[in-house]
>>> print(open('run-v9.cif').read())   # mmCIF, C-alpha atoms
data_start
loop_
_atom_site.label_atom_id
_atom_site.label_comp_id
_atom_site.auth_asym_id
_atom_site.auth_seq_id
_atom_site.Cartn_x
_atom_site.Cartn_y
_atom_site.Cartn_z
CA MET A 1 -18.98 -171.96 -19.09
CA ILE A 2 -16.98 -174.37 -21.14
CA LEU A 3 -13.30 -174.94 -21.78
CA ALA A 4 -13.28 -174.91 -25.55
CA ALA A 5 -10.73 -174.57 -28.31
CA GLN A 6 -12.69 -174.55 -31.59
CA LEU A 7 -15.70 -175.88 -33.44
CA GLU A 8 -15.36 -178.81 -35.81
CA THR A 9 -13.42 -177.25 -38.68
CA LYS A 10 -15.14 -179.29 -41.34
CA GLU A 11 -18.54 -177.91 -40.40
CA ALA A 12 -17.28 -174.41 -39.73
CA ASN A 13 -15.28 -174.10 -42.94
CA SER A 14 -17.99 -175.62 -45.11
CA THR A 15 -20.69 -173.24 -43.94
CA THR A 16 -19.05 -169.97 -42.86
CA GLU A 17 -19.03 -167.24 -45.49
CA HIS A 18 -18.33 -163.67 -44.43
CA THR A 19 -19.27 -160.67 -46.56
CA ASN A 20 -16.76 -157.82 -46.34
CA VAL A 21 -14.91 -159.81 -43.72
CA THR A 22 -11.24 -160.69 -43.71
CA SER A 23 -10.40 -163.90 -41.91
CA GLN A 24 -7.18 -165.71 -41.31
CA SER A 25 -6.69 -168.96 -43.14
CA THR A 26 -7.36 -171.89 -40.87
CA THR A 27 -6.03 -175.38 -40.84
CA THR A 28 -7.29 -178.42 -39.00
CA GLN A 29 -5.65 -178.60 -35.62
CA PRO A 30 -4.40 -182.00 -34.46
CA ARG A 31 -6.33 -183.42 -31.56
CA ASN A 32 -3.78 -183.55 -28.74
CA TYR A 33 -4.03 -184.89 -25.22
CA GLY A 34 -5.50 -181.63 -23.96
CA TRP A 35 -8.37 -181.92 -26.43
CA TRP A 36 -9.12 -185.50 -25.39
CA LEU A 37 -8.95 -184.51 -21.71
CA ARG A 38 -11.50 -181.75 -22.26
CA MET A 39 -13.73 -184.09 -24.25
CA THR A 40 -13.60 -186.70 -21.47
CA MET A 41 -14.52 -184.09 -18.87
CA TYR A 42 -17.44 -182.77 -20.94
CA ILE A 43 -18.78 -186.27 -21.59
CA LEU A 44 -18.65 -187.15 -17.89
CA PHE A 45 -20.38 -183.89 -16.99
CA LEU A 46 -23.11 -184.47 -19.55
CA LEU A 47 -23.81 -188.10 -18.65
CA SER A 48 -23.68 -187.71 -14.87
CA GLY A 49 -25.70 -184.50 -14.92
CA GLN A 50 -28.33 -185.97 -17.21
CA SER A 51 -28.85 -189.25 -15.35
CA ILE A 52 -28.83 -187.82 -11.81
CA SER A 53 -31.10 -184.87 -12.64
CA LEU A 54 -33.65 -187.13 -14.36
CA LEU A 55 -33.74 -189.52 -11.41
CA LEU A 56 -34.14 -186.64 -8.96
CA GLY A 57 -36.87 -185.15 -11.11
CA ARG A 58 -38.75 -188.43 -11.09
CA LEU A 59 -38.22 -188.67 -7.31
CA TYR A 60 -39.80 -185.24 -6.88
CA TYR A 61 -42.98 -186.30 -8.68
CA ASP A 62 -43.11 -189.77 -7.11
CA LYS A 63 -42.94 -188.47 -3.55
CA GLY A 64 -45.60 -185.79 -3.82
CA GLY A 65 -44.38 -183.07 -6.20
CA LYS A 66 -47.10 -181.69 -8.45
CA SER A 67 -45.78 -178.49 -10.04
CA LYS A 68 -44.70 -178.69 -13.68
CA TRP A 69 -43.44 -175.10 -13.59
CA LEU A 70 -41.29 -175.75 -10.50
CA GLY A 71 -39.87 -178.75 -12.35
CA THR A 72 -39.05 -176.32 -15.15
CA VAL A 73 -37.47 -173.74 -12.84
CA VAL A 74 -35.04 -176.23 -11.26
CA GLN A 75 -33.76 -177.15 -14.71
CA LEU A 76 -32.66 -173.54 -15.23
CA ILE A 77 -32.14 -171.70 -11.97
CA GLY A 78 -28.73 -173.15 -11.14
CA PHE A 79 -26.92 -170.95 -13.67
CA PRO A 80 -25.68 -168.31 -11.13
CA VAL A 81 -23.05 -170.86 -10.04
CA LEU A 82 -21.39 -170.19 -13.40
CA LEU A 83 -20.90 -166.52 -12.49
CA LEU A 84 -17.85 -167.63 -10.51
CA TYR A 85 -16.03 -167.64 -13.83
CA TYR A 86 -16.01 -163.85 -13.92
CA PHE A 87 -14.53 -163.55 -10.41
CA ILE A 88 -11.90 -166.30 -10.34
CA PRO A 89 -8.76 -165.29 -12.30
CA SER A 90 -7.55 -168.88 -12.67
CA LEU A 91 -10.73 -169.76 -14.56
CA LYS A 92 -10.56 -166.72 -16.83
CA ASN A 93 -6.96 -167.53 -17.73
CA LEU A 94 -8.02 -170.94 -19.04
CA LYS A 95 -9.29 -169.36 -22.23
CA THR A 96 -5.74 -168.47 -23.23
CA ASN A 97 -4.72 -172.12 -23.21
CA SER A 98 -6.93 -173.00 -26.16
CA THR A 99 -6.13 -172.45 -29.79
CA ALA A 100 -9.20 -170.67 -31.07
CA THR A 101 -9.61 -169.54 -34.64
CA THR A 102 -9.24 -165.79 -34.88
CA ILE A 103 -11.84 -164.15 -37.08
CA HIS A 104 -11.42 -160.49 -37.97
CA SER A 105 -14.93 -159.14 -38.39
CA LYS A 106 -17.17 -156.45 -37.04
CA PRO A 107 -18.58 -157.61 -33.69
CA PRO A 108 -22.36 -157.98 -33.50
CA SER A 109 -24.33 -155.07 -32.11
CA THR A 110 -25.88 -155.11 -28.66
CA LEU A 111 -29.34 -155.41 -30.21
CA VAL A 112 -28.31 -158.50 -32.19
CA LEU A 113 -26.74 -160.12 -29.13
CA VAL A 114 -29.82 -159.43 -27.02
CA SER A 115 -32.02 -160.90 -29.76
CA VAL A 116 -29.92 -164.09 -29.79
CA TYR A 117 -29.97 -164.46 -26.00
CA VAL A 118 -33.70 -163.77 -25.69
CA SER A 119 -34.69 -166.03 -28.60
CA LEU A 120 -32.66 -168.98 -27.36
CA GLY A 121 -33.76 -168.36 -23.77
CA LEU A 122 -37.46 -168.45 -24.67
CA LEU A 123 -36.98 -171.61 -26.70
CA VAL A 124 -35.16 -173.21 -23.77
CA VAL A 125 -37.88 -172.40 -21.21
CA ALA A 126 -40.62 -173.77 -23.51
CA ASP A 127 -38.53 -176.89 -24.07
CA CYS A 128 -37.91 -177.41 -20.36
CA PHE A 129 -41.62 -177.08 -19.60
CA LEU A 130 -42.41 -179.82 -22.12
CA TYR A 131 -39.71 -182.02 -20.62
CA SER A 132 -41.09 -181.39 -17.13
CA THR A 133 -44.59 -182.36 -18.25
CA GLY A 134 -43.32 -185.52 -19.93
CA LEU A 135 -41.34 -186.55 -16.84
CA MET A 136 -44.41 -185.98 -14.66
CA TYR A 137 -46.57 -188.42 -16.62
CA LEU A 138 -44.05 -191.02 -17.84
CA PRO A 139 -41.88 -193.60 -16.11
CA VAL A 140 -38.32 -192.29 -16.21
CA SER A 141 -37.14 -195.29 -18.25
CA THR A 142 -39.74 -194.65 -20.96
CA TYR A 143 -39.06 -190.92 -20.81
CA SER A 144 -35.31 -191.30 -21.30
CA LEU A 145 -35.70 -193.69 -24.21
CA ILE A 146 -38.11 -191.37 -26.03
CA CYS A 147 -35.55 -188.60 -25.63
CA ALA A 148 -33.34 -190.55 -28.05
CA SER A 149 -35.43 -189.05 -30.86
CA GLN A 150 -33.76 -185.68 -30.16
CA LEU A 151 -30.73 -186.90 -32.13
CA ALA A 152 -32.84 -187.42 -35.24
CA PHE A 153 -34.43 -183.98 -34.84
CA ASN A 154 -31.01 -182.43 -34.26
CA ALA A 155 -29.69 -184.09 -37.41
CA PHE A 156 -32.59 -182.70 -39.42
CA PHE A 157 -32.08 -179.15 -38.13
CA SER A 158 -28.30 -179.42 -38.50
CA PHE A 159 -28.81 -180.45 -42.12
CA LEU A 160 -30.95 -177.35 -42.72
CA LEU A 161 -28.98 -174.84 -40.65
CA ASN A 162 -25.40 -176.10 -40.37
CA SER A 163 -24.86 -178.13 -43.57
CA GLN A 164 -24.43 -181.36 -41.64
CA ASN A 165 -23.13 -184.13 -43.92
CA PHE A 166 -25.00 -187.43 -43.73
CA THR A 167 -22.94 -190.59 -44.20
CA PRO A 168 -24.45 -194.10 -44.32
CA LEU A 169 -23.39 -194.68 -40.71
CA ILE A 170 -25.06 -191.49 -39.50
CA VAL A 171 -28.25 -192.30 -41.42
CA ASN A 172 -28.19 -195.78 -39.89
CA SER A 173 -27.79 -194.23 -36.45
CA LEU A 174 -30.70 -191.84 -36.91
CA VAL A 175 -33.02 -194.53 -38.26
CA LEU A 176 -32.28 -196.84 -35.33
CA LEU A 177 -32.78 -194.09 -32.76
CA THR A 178 -36.06 -193.04 -34.36
CA ILE A 179 -37.38 -196.61 -34.40
CA SER A 180 -36.24 -196.98 -30.79
CA SER A 181 -38.48 -194.09 -29.76
CA ILE A 182 -41.45 -195.12 -31.93
CA LEU A 183 -41.51 -198.57 -30.34
CA LEU A 184 -42.39 -197.05 -26.96
CA VAL A 185 -45.69 -195.80 -28.36
CA PHE A 186 -46.76 -199.46 -28.41
CA GLU A 187 -45.90 -200.01 -24.75
CA THR A 188 -48.81 -202.06 -23.39
CA ASN A 189 -48.20 -201.23 -19.72
CA PRO A 190 -47.52 -197.50 -19.59
CA SER A 191 -47.71 -197.14 -15.84
CA SER A 192 -44.87 -198.08 -13.55
CA ASP A 193 -45.03 -199.54 -10.07
CA SER A 194 -44.15 -196.18 -8.58
CA SER A 195 -46.26 -193.84 -10.69
CA LYS A 196 -49.72 -194.88 -11.87
CA VAL A 197 -51.07 -192.61 -14.58
CA SER A 198 -54.09 -192.79 -16.84
CA LYS A 199 -53.76 -193.65 -20.50
CA GLY A 200 -54.68 -190.08 -21.40
CA LYS A 201 -51.93 -188.57 -19.28
CA TYR A 202 -49.50 -191.15 -20.65
CA VAL A 203 -50.30 -189.98 -24.19
CA ILE A 204 -49.85 -186.36 -23.11
CA GLY A 205 -46.48 -187.31 -21.65
CA LEU A 206 -45.48 -188.96 -24.92
CA ILE A 207 -46.48 -185.94 -27.00
CA CYS A 208 -44.76 -183.46 -24.69
CA THR A 209 -41.54 -185.48 -24.55
CA ILE A 210 -41.38 -185.87 -28.33
CA GLY A 211 -42.09 -182.16 -28.70
CA ALA A 212 -39.37 -181.36 -26.18
CA SER A 213 -36.91 -183.60 -28.02
CA SER A 214 -37.55 -181.78 -31.29
CA GLY A 215 -37.17 -178.43 -29.54
CA TYR A 216 -33.92 -179.52 -27.93
CA GLY A 217 -32.51 -180.55 -31.30
CA LEU A 218 -33.47 -177.14 -32.69
CA VAL A 219 -31.85 -175.28 -29.76
CA LEU A 220 -28.58 -177.17 -30.19
CA SER A 221 -28.46 -176.46 -33.91
CA LEU A 222 -29.29 -172.79 -33.38
CA THR A 223 -26.58 -172.55 -30.71
CA GLN A 224 -24.01 -173.88 -33.15
CA LEU A 225 -25.28 -171.51 -35.84
CA ALA A 226 -25.06 -168.56 -33.43
CA PHE A 227 -21.37 -169.25 -32.77
CA LYS A 228 -20.56 -169.42 -36.46
CA LYS A 229 -22.74 -166.69 -37.93
CA VAL A 230 -23.45 -164.16 -35.18
CA LEU A 231 -20.97 -164.31 -32.30
CA LYS A 232 -18.01 -165.17 -34.57
CA LYS A 233 -15.81 -165.66 -31.51
CA GLU A 234 -14.60 -169.10 -30.58
CA THR A 235 -13.55 -168.28 -27.02
CA PHE A 236 -14.36 -169.48 -23.55
CA THR A 237 -15.85 -166.10 -22.65
CA ALA A 238 -18.19 -166.13 -25.67
CA VAL A 239 -19.62 -169.46 -24.53
CA MET A 240 -19.96 -168.24 -20.94
CA ASP A 241 -21.82 -165.12 -22.04
CA LEU A 242 -24.19 -167.09 -24.27
CA ILE A 243 -25.12 -169.68 -21.65
CA ILE A 244 -25.47 -167.25 -18.75
CA TYR A 245 -27.62 -164.68 -20.57
CA GLN A 246 -29.66 -167.39 -22.25
CA SER A 247 -30.21 -169.10 -18.88
CA LEU A 248 -31.16 -165.76 -17.29
CA VAL A 249 -33.89 -165.20 -19.87
CA ALA A 250 -35.12 -168.79 -19.56
CA THR A 251 -35.17 -168.64 -15.76
CA LEU A 252 -37.16 -165.41 -15.76
CA GLY A 253 -39.59 -166.99 -18.22
CA ALA A 254 -39.99 -170.06 -15.98
CA LEU A 255 -40.59 -167.89 -12.90
CA VAL A 256 -43.25 -165.92 -14.79
CA GLY A 257 -44.90 -169.24 -15.66
CA LEU A 258 -44.69 -170.45 -12.04
CA PHE A 259 -46.34 -167.32 -10.61
CA GLY A 260 -48.64 -166.68 -13.55
CA SER A 261 -50.08 -170.19 -13.42
CA GLY A 262 -50.73 -169.93 -9.68
CA GLU A 263 -48.78 -173.11 -8.95
CA TRP A 264 -46.63 -171.21 -6.46
CA LYS A 265 -49.59 -171.05 -4.05
CA GLY A 266 -49.46 -174.80 -3.47
CA LEU A 267 -45.71 -175.13 -2.94
CA GLU A 268 -45.84 -174.75 0.85
CA THR A 269 -48.48 -177.46 1.13
CA GLU A 270 -46.51 -179.58 -1.31
CA MET A 271 -43.41 -179.31 0.87
CA GLU A 272 -45.39 -180.16 4.00
CA GLU A 273 -46.85 -183.28 2.38
CA PHE A 274 -43.65 -184.46 0.67
CA GLU A 275 -43.20 -188.09 1.68
CA LEU A 276 -39.48 -187.78 2.47
CA GLY A 277 -39.82 -184.63 4.59
CA LYS A 278 -39.15 -180.91 4.19
CA VAL A 279 -35.35 -181.17 4.16
CA SER A 280 -35.41 -183.87 1.49
CA TYR A 281 -37.86 -181.78 -0.54
CA ILE A 282 -35.50 -178.81 -0.56
CA MET A 283 -32.37 -180.89 -1.18
CA THR A 284 -34.06 -182.73 -4.06
CA LEU A 285 -34.80 -179.44 -5.78
CA VAL A 286 -31.35 -177.95 -5.05
CA TRP A 287 -29.42 -180.95 -6.33
CA THR A 288 -31.66 -181.25 -9.37
CA ALA A 289 -30.82 -177.64 -10.25
CA LEU A 290 -27.08 -178.18 -9.73
CA MET A 291 -26.98 -181.38 -11.78
CA TRP A 292 -28.82 -179.73 -14.68
CA ASP A 293 -26.10 -177.09 -14.55
CA VAL A 294 -23.43 -179.79 -14.78
CA PHE A 295 -25.28 -181.24 -17.76
CA ALA A 296 -25.35 -177.83 -19.48
CA VAL A 297 -21.58 -177.46 -19.04
CA GLY A 298 -20.90 -180.78 -20.73
CA CYS A 299 -23.51 -180.26 -23.44
CA VAL A 300 -22.31 -176.87 -24.68
CA GLY A 301 -18.67 -177.90 -24.28
CA LEU A 302 -19.21 -180.70 -26.78
CA ILE A 303 -21.08 -178.38 -29.14
CA PHE A 304 -18.15 -175.98 -29.06
CA GLU A 305 -15.45 -178.64 -29.43
CA VAL A 306 -17.19 -180.74 -32.10
CA SER A 307 -20.81 -180.10 -33.10
CA SER A 308 -24.37 -180.01 -31.79
CA LEU A 309 -25.09 -183.39 -33.38
CA PHE A 310 -22.14 -184.97 -31.58
CA SER A 311 -23.25 -183.43 -28.28
CA ASN A 312 -26.68 -184.91 -28.80
CA ALA A 313 -25.22 -188.32 -29.66
CA ILE A 314 -23.28 -188.36 -26.40
CA SER A 315 -26.49 -187.46 -24.57
CA VAL A 316 -28.07 -190.56 -26.11
CA LEU A 317 -25.30 -192.61 -24.48
CA GLY A 318 -27.10 -192.00 -21.19
CA LEU A 319 -30.06 -194.06 -22.40
CA PRO A 320 -28.86 -197.40 -21.03
CA ILE A 321 -27.85 -195.69 -17.77
CA VAL A 322 -31.17 -194.12 -16.76
CA PRO A 323 -33.50 -197.10 -17.44
CA VAL A 324 -31.23 -199.45 -15.48
CA GLN A 325 -31.09 -197.01 -12.58
CA ALA A 326 -34.88 -196.60 -12.77
CA VAL A 327 -35.31 -200.36 -12.32
CA ILE A 328 -33.01 -200.27 -9.27
CA PHE A 329 -34.32 -197.14 -7.53
CA PHE A 330 -37.96 -196.92 -8.68
CA HIS A 331 -38.64 -200.62 -9.36
CA GLU A 332 -39.88 -199.87 -12.86
CA LYS A 333 -40.56 -202.79 -15.16
CA MET A 334 -38.34 -203.42 -18.17
CA GLY A 335 -40.60 -205.19 -20.63
CA GLY A 336 -39.58 -206.63 -23.98
CA ILE A 337 -40.38 -203.46 -25.92
CA LYS A 338 -38.20 -201.33 -23.64
CA VAL A 339 -35.32 -203.79 -23.90
CA ILE A 340 -35.52 -203.79 -27.70
CA SER A 341 -35.75 -200.00 -27.69
CA MET A 342 -32.66 -199.77 -25.51
CA VAL A 343 -30.66 -202.15 -27.73
CA LEU A 344 -31.57 -200.15 -30.84
CA ALA A 345 -30.63 -196.90 -29.10
CA ILE A 346 -27.23 -198.27 -28.09
CA TRP A 347 -26.68 -199.63 -31.61
CA GLY A 348 -27.55 -196.25 -33.08
CA PHE A 349 -25.17 -194.48 -30.74
CA VAL A 350 -22.28 -196.85 -31.50
CA SER A 351 -22.89 -196.37 -35.22
CA TYR A 352 -22.60 -192.61 -34.85
CA VAL A 353 -19.50 -192.75 -32.65
CA TYR A 354 -17.80 -195.07 -35.15
CA GLN A 355 -18.41 -192.46 -37.87
CA GLN A 356 -16.75 -189.87 -35.62
CA TYR A 357 -13.78 -192.23 -35.24
CA LEU A 358 -13.48 -192.60 -39.02
CA ASP A 359 -13.67 -188.81 -39.44
CA ASP A 360 -10.88 -188.38 -36.90
CA LEU A 361 -8.65 -190.87 -38.74
CA LYS A 362 -9.34 -189.12 -42.03
CA SER A 363 -8.52 -185.75 -40.50
CA LYS A 364 -5.21 -187.02 -39.15
CA LEU A 365 -4.34 -188.56 -42.53
CA GLU A 366 -5.08 -185.28 -44.32
CA ASP A 367 -2.93 -183.38 -41.82
CA ARG A 368 -0.04 -185.79 -42.37
CA ASN A 369 -0.34 -185.55 -46.15
CA LYS A 370 -0.37 -181.75 -45.97
CA ASN A 371 2.70 -181.73 -43.76
CA GLU A 372 4.53 -184.12 -46.08
CA ALA A 373 3.60 -182.03 -49.12
CA SER A 374 4.73 -178.86 -47.33
CA ASN A 375 8.05 -180.42 -46.33
CA ALA A 376 8.62 -181.72 -49.87
CA SER A 377 7.90 -178.27 -51.31
CA SER A 378 10.32 -176.64 -48.87
CA LEU A 379 13.01 -179.17 -49.73
CA GLN A 380 12.59 -178.48 -53.45
CA GLU A 381 12.94 -174.76 -52.88
CA VAL A 382 16.14 -175.30 -50.90
CA ASN A 383 17.62 -177.58 -53.58
CA GLY A 384 16.56 -175.18 -56.34
CA SER A 385 18.29 -172.28 -54.62
#
>>> encode(input="run-v9.cif", output="structure tokens")
Amino acid sequence: MILAAQLETKEANSTTEHTNVTSQSTTTQPRNYGWWLRMTMYILFLLSGQSISLLLGRLYYDKGGKSKWLGTVVQLIGFPVLLLYYFIPSLKNLKTNSTATTIHSKPPSTLVLVSVYVSLGLLVVADCFLYSTGLMYLPVSTYSLICASQLAFNAFFSFLLNSQNFTPLIVNSLVLLTISSILLVFETNPSSDSSKVSKGKYVIGLICTIGASSGYGLVLSLTQLAFKKVLKKETFTAVMDLIIYQSLVATLGALVGLFGSGEWKGLETEMEEFELGKVSYIMTLVWTALMWDVFAVGCVGLIFEVSSLFSNAISVLGLPIVPVQAVIFFHEKMGGIKVISMVLAIWGFVSYVYQQYLDDLKSKLEDRNKNEASNASSLQEVNGS
């Protein structure tokens, strides 16, 4: 699914230990223009996919949609588009353009791979259902701001599973993002102009969205761990296989939920009563599915190129985008608490990105020092001979 060269070497090298495995020595690769081009593409995919899919999801519920399981299905069912990778030679050849770390180890068994795909797939479908429930009961601006807490959850799980290092700037970022989400609990006017909900449903929406954010952070950390500990292949094809099989399991789980819950029986009536008409009903669902697919491409691309925590931080960048669009398209109110929450979220994001900038400078300095030391050593050998 993703054009990817390698995971962040600091995280990979600090946590990867292979028993009875021989691996080539790796060195930090300089970040060239190709790397920055891929990063820019992934970021654009993630931000555009996230904002458009959330707005379309809110539109579905505002104009007459009632099915939480259908809202879950459209988050997942667009993955067959990615199967084009296996049939278009030009896409498959892209994997040879990246400089992936080669690891000589015994490949995982089919049973292990299936276990990884099924486990992640089931976690994803449960997470998507919680997100769908939260979006049904919350204004999209409130919903998107609460989702900022996923970065704090991701940091916690990355610390436990991936040996994520916490610097003062990262801690500052996580604290600000957490406070940003907590503030919304004290929102005095939970209902928006376009979607009136009871206080009870609003609380359910809050709980489900927070639960979904924690689950999303766990999925990202487990995805990163799977690449390092189980798949042990940093290639484009490995990412494609993981996302497609994981999405297949999640989609099947969502369809079981849709038919098992009986919500499918009301879909025809729902389409008939949709305020914008049948065609708009279908197109809303189709484009929601496609934009979630675009989001997935950008998300996993950033995990593969850098880390799950960085991917989550970029996702938080969409926070000021969605609430502003919600005010424009859904006429939602932006009270003082939401404004403060947004400012804190942006501040937290900037803090994290600045830490990434400092890490990049440090990496380049270390590379230069190594090259200078290597050149000096070579020169001494020549003079000595």
>>> residues_around(input="run-v9.cif", residues="Trp287 of chain A", least_positions_apart="6", cutoff="9 Å", atoms="all atoms listed in the file", output="number ranges by chain")
A: 52-53, 56, 74
>>> residues_around(input="run-v9.cif", residues="segment 116-128 of chain A", least_positions_apart="4", cutoff="9 Å", atoms="all atoms listed in the file", output="VMD selection string")
chain A and resid 71 to 73 75 to 76 111 to 112 132 to 133 211 to 216 218 to 219 222 to 223 226 230 242 to 254
>>> atom_distance(input="run-v9.cif", atom1="atom CA of Val306 of chain A", atom2="atom CA of Ala289 of chain A")
25.9 Å
>>> closest_residue(input="run-v9.cif", among="A:Thr142, A:Asn371, A:Thr288, A:Ser341", to="Gln50 of chain A", atoms="all atoms listed in the file")
A:Thr288
>>> resolve_selection(input="run-v9.cif", expression="the PyMOL selection byres ((chain A and resi 143) around 9)", output="list of chain:residue names")
A:Tyr131, A:Gly134, A:Leu135, A:Tyr137, A:Leu138, A:Pro139, A:Val140, A:Ser141, A:Thr142, A:Ser144, A:Leu145, A:Ile146, A:Cys147, A:Gly205, A:Leu206, A:Thr209, A:Pro323
>>> atom_distance(input="run-v9.cif", atom1="atom CA of Leu84 of chain A", atom2="atom CA of Leu37 of chain A")
22.1 Å
>>> closest_residue(input="run-v9.cif", among="A:Ile340, A:Phe79, A:Arg58, A:Asn375", to="Met240 of chain A", atoms="all atoms listed in the file")
A:Phe79
>>> resolve_selection(input="run-v9.cif", expression="the PyMOL selection byres ((chain A and resi 284) around 12)", output="NGL selection string")
:A and (52-65 or 70-71 or 74 or 271 or 274 or 276-283 or 285-291)
>>> atom_distance(input="run-v9.cif", atom1="atom CA of Ser48 of chain A", atom2="atom CA of Phe295 of chain A")
7.3 Å
>>> resolve_selection(input="run-v9.cif", expression="the PyMOL selection byres ((chain A and resi 344-346) around 10)", output="PyMOL selection string")
chain A and resi 145-146+148-149+173-181+316-320+338-343+347-352
>>> closest_residue(input="run-v9.cif", among="A:Leu46, A:Leu255, A:Ala326, A:Leu82", to="Thr237 of chain A", atoms="only C-alpha atoms")
A:Leu82
>>> closest_residue(input="run-v9.cif", among="A:Leu231, A:Met136, A:Ser378, A:Val197", to="Pro108 of chain A", atoms="all atoms listed in the file")
A:Leu231
>>> closest_residue(input="run-v9.cif", among="A:Ser221, A:Ser51, A:Thr167, A:Ser67", to="Gly266 of chain A", atoms="all atoms listed in the file")
A:Ser67
>>> closest_residue(input="run-v9.cif", among="A:Leu258, A:Leu83, A:Leu361, A:Ala155", to="Ser311 of chain A", atoms="only C-alpha atoms")
A:Ala155
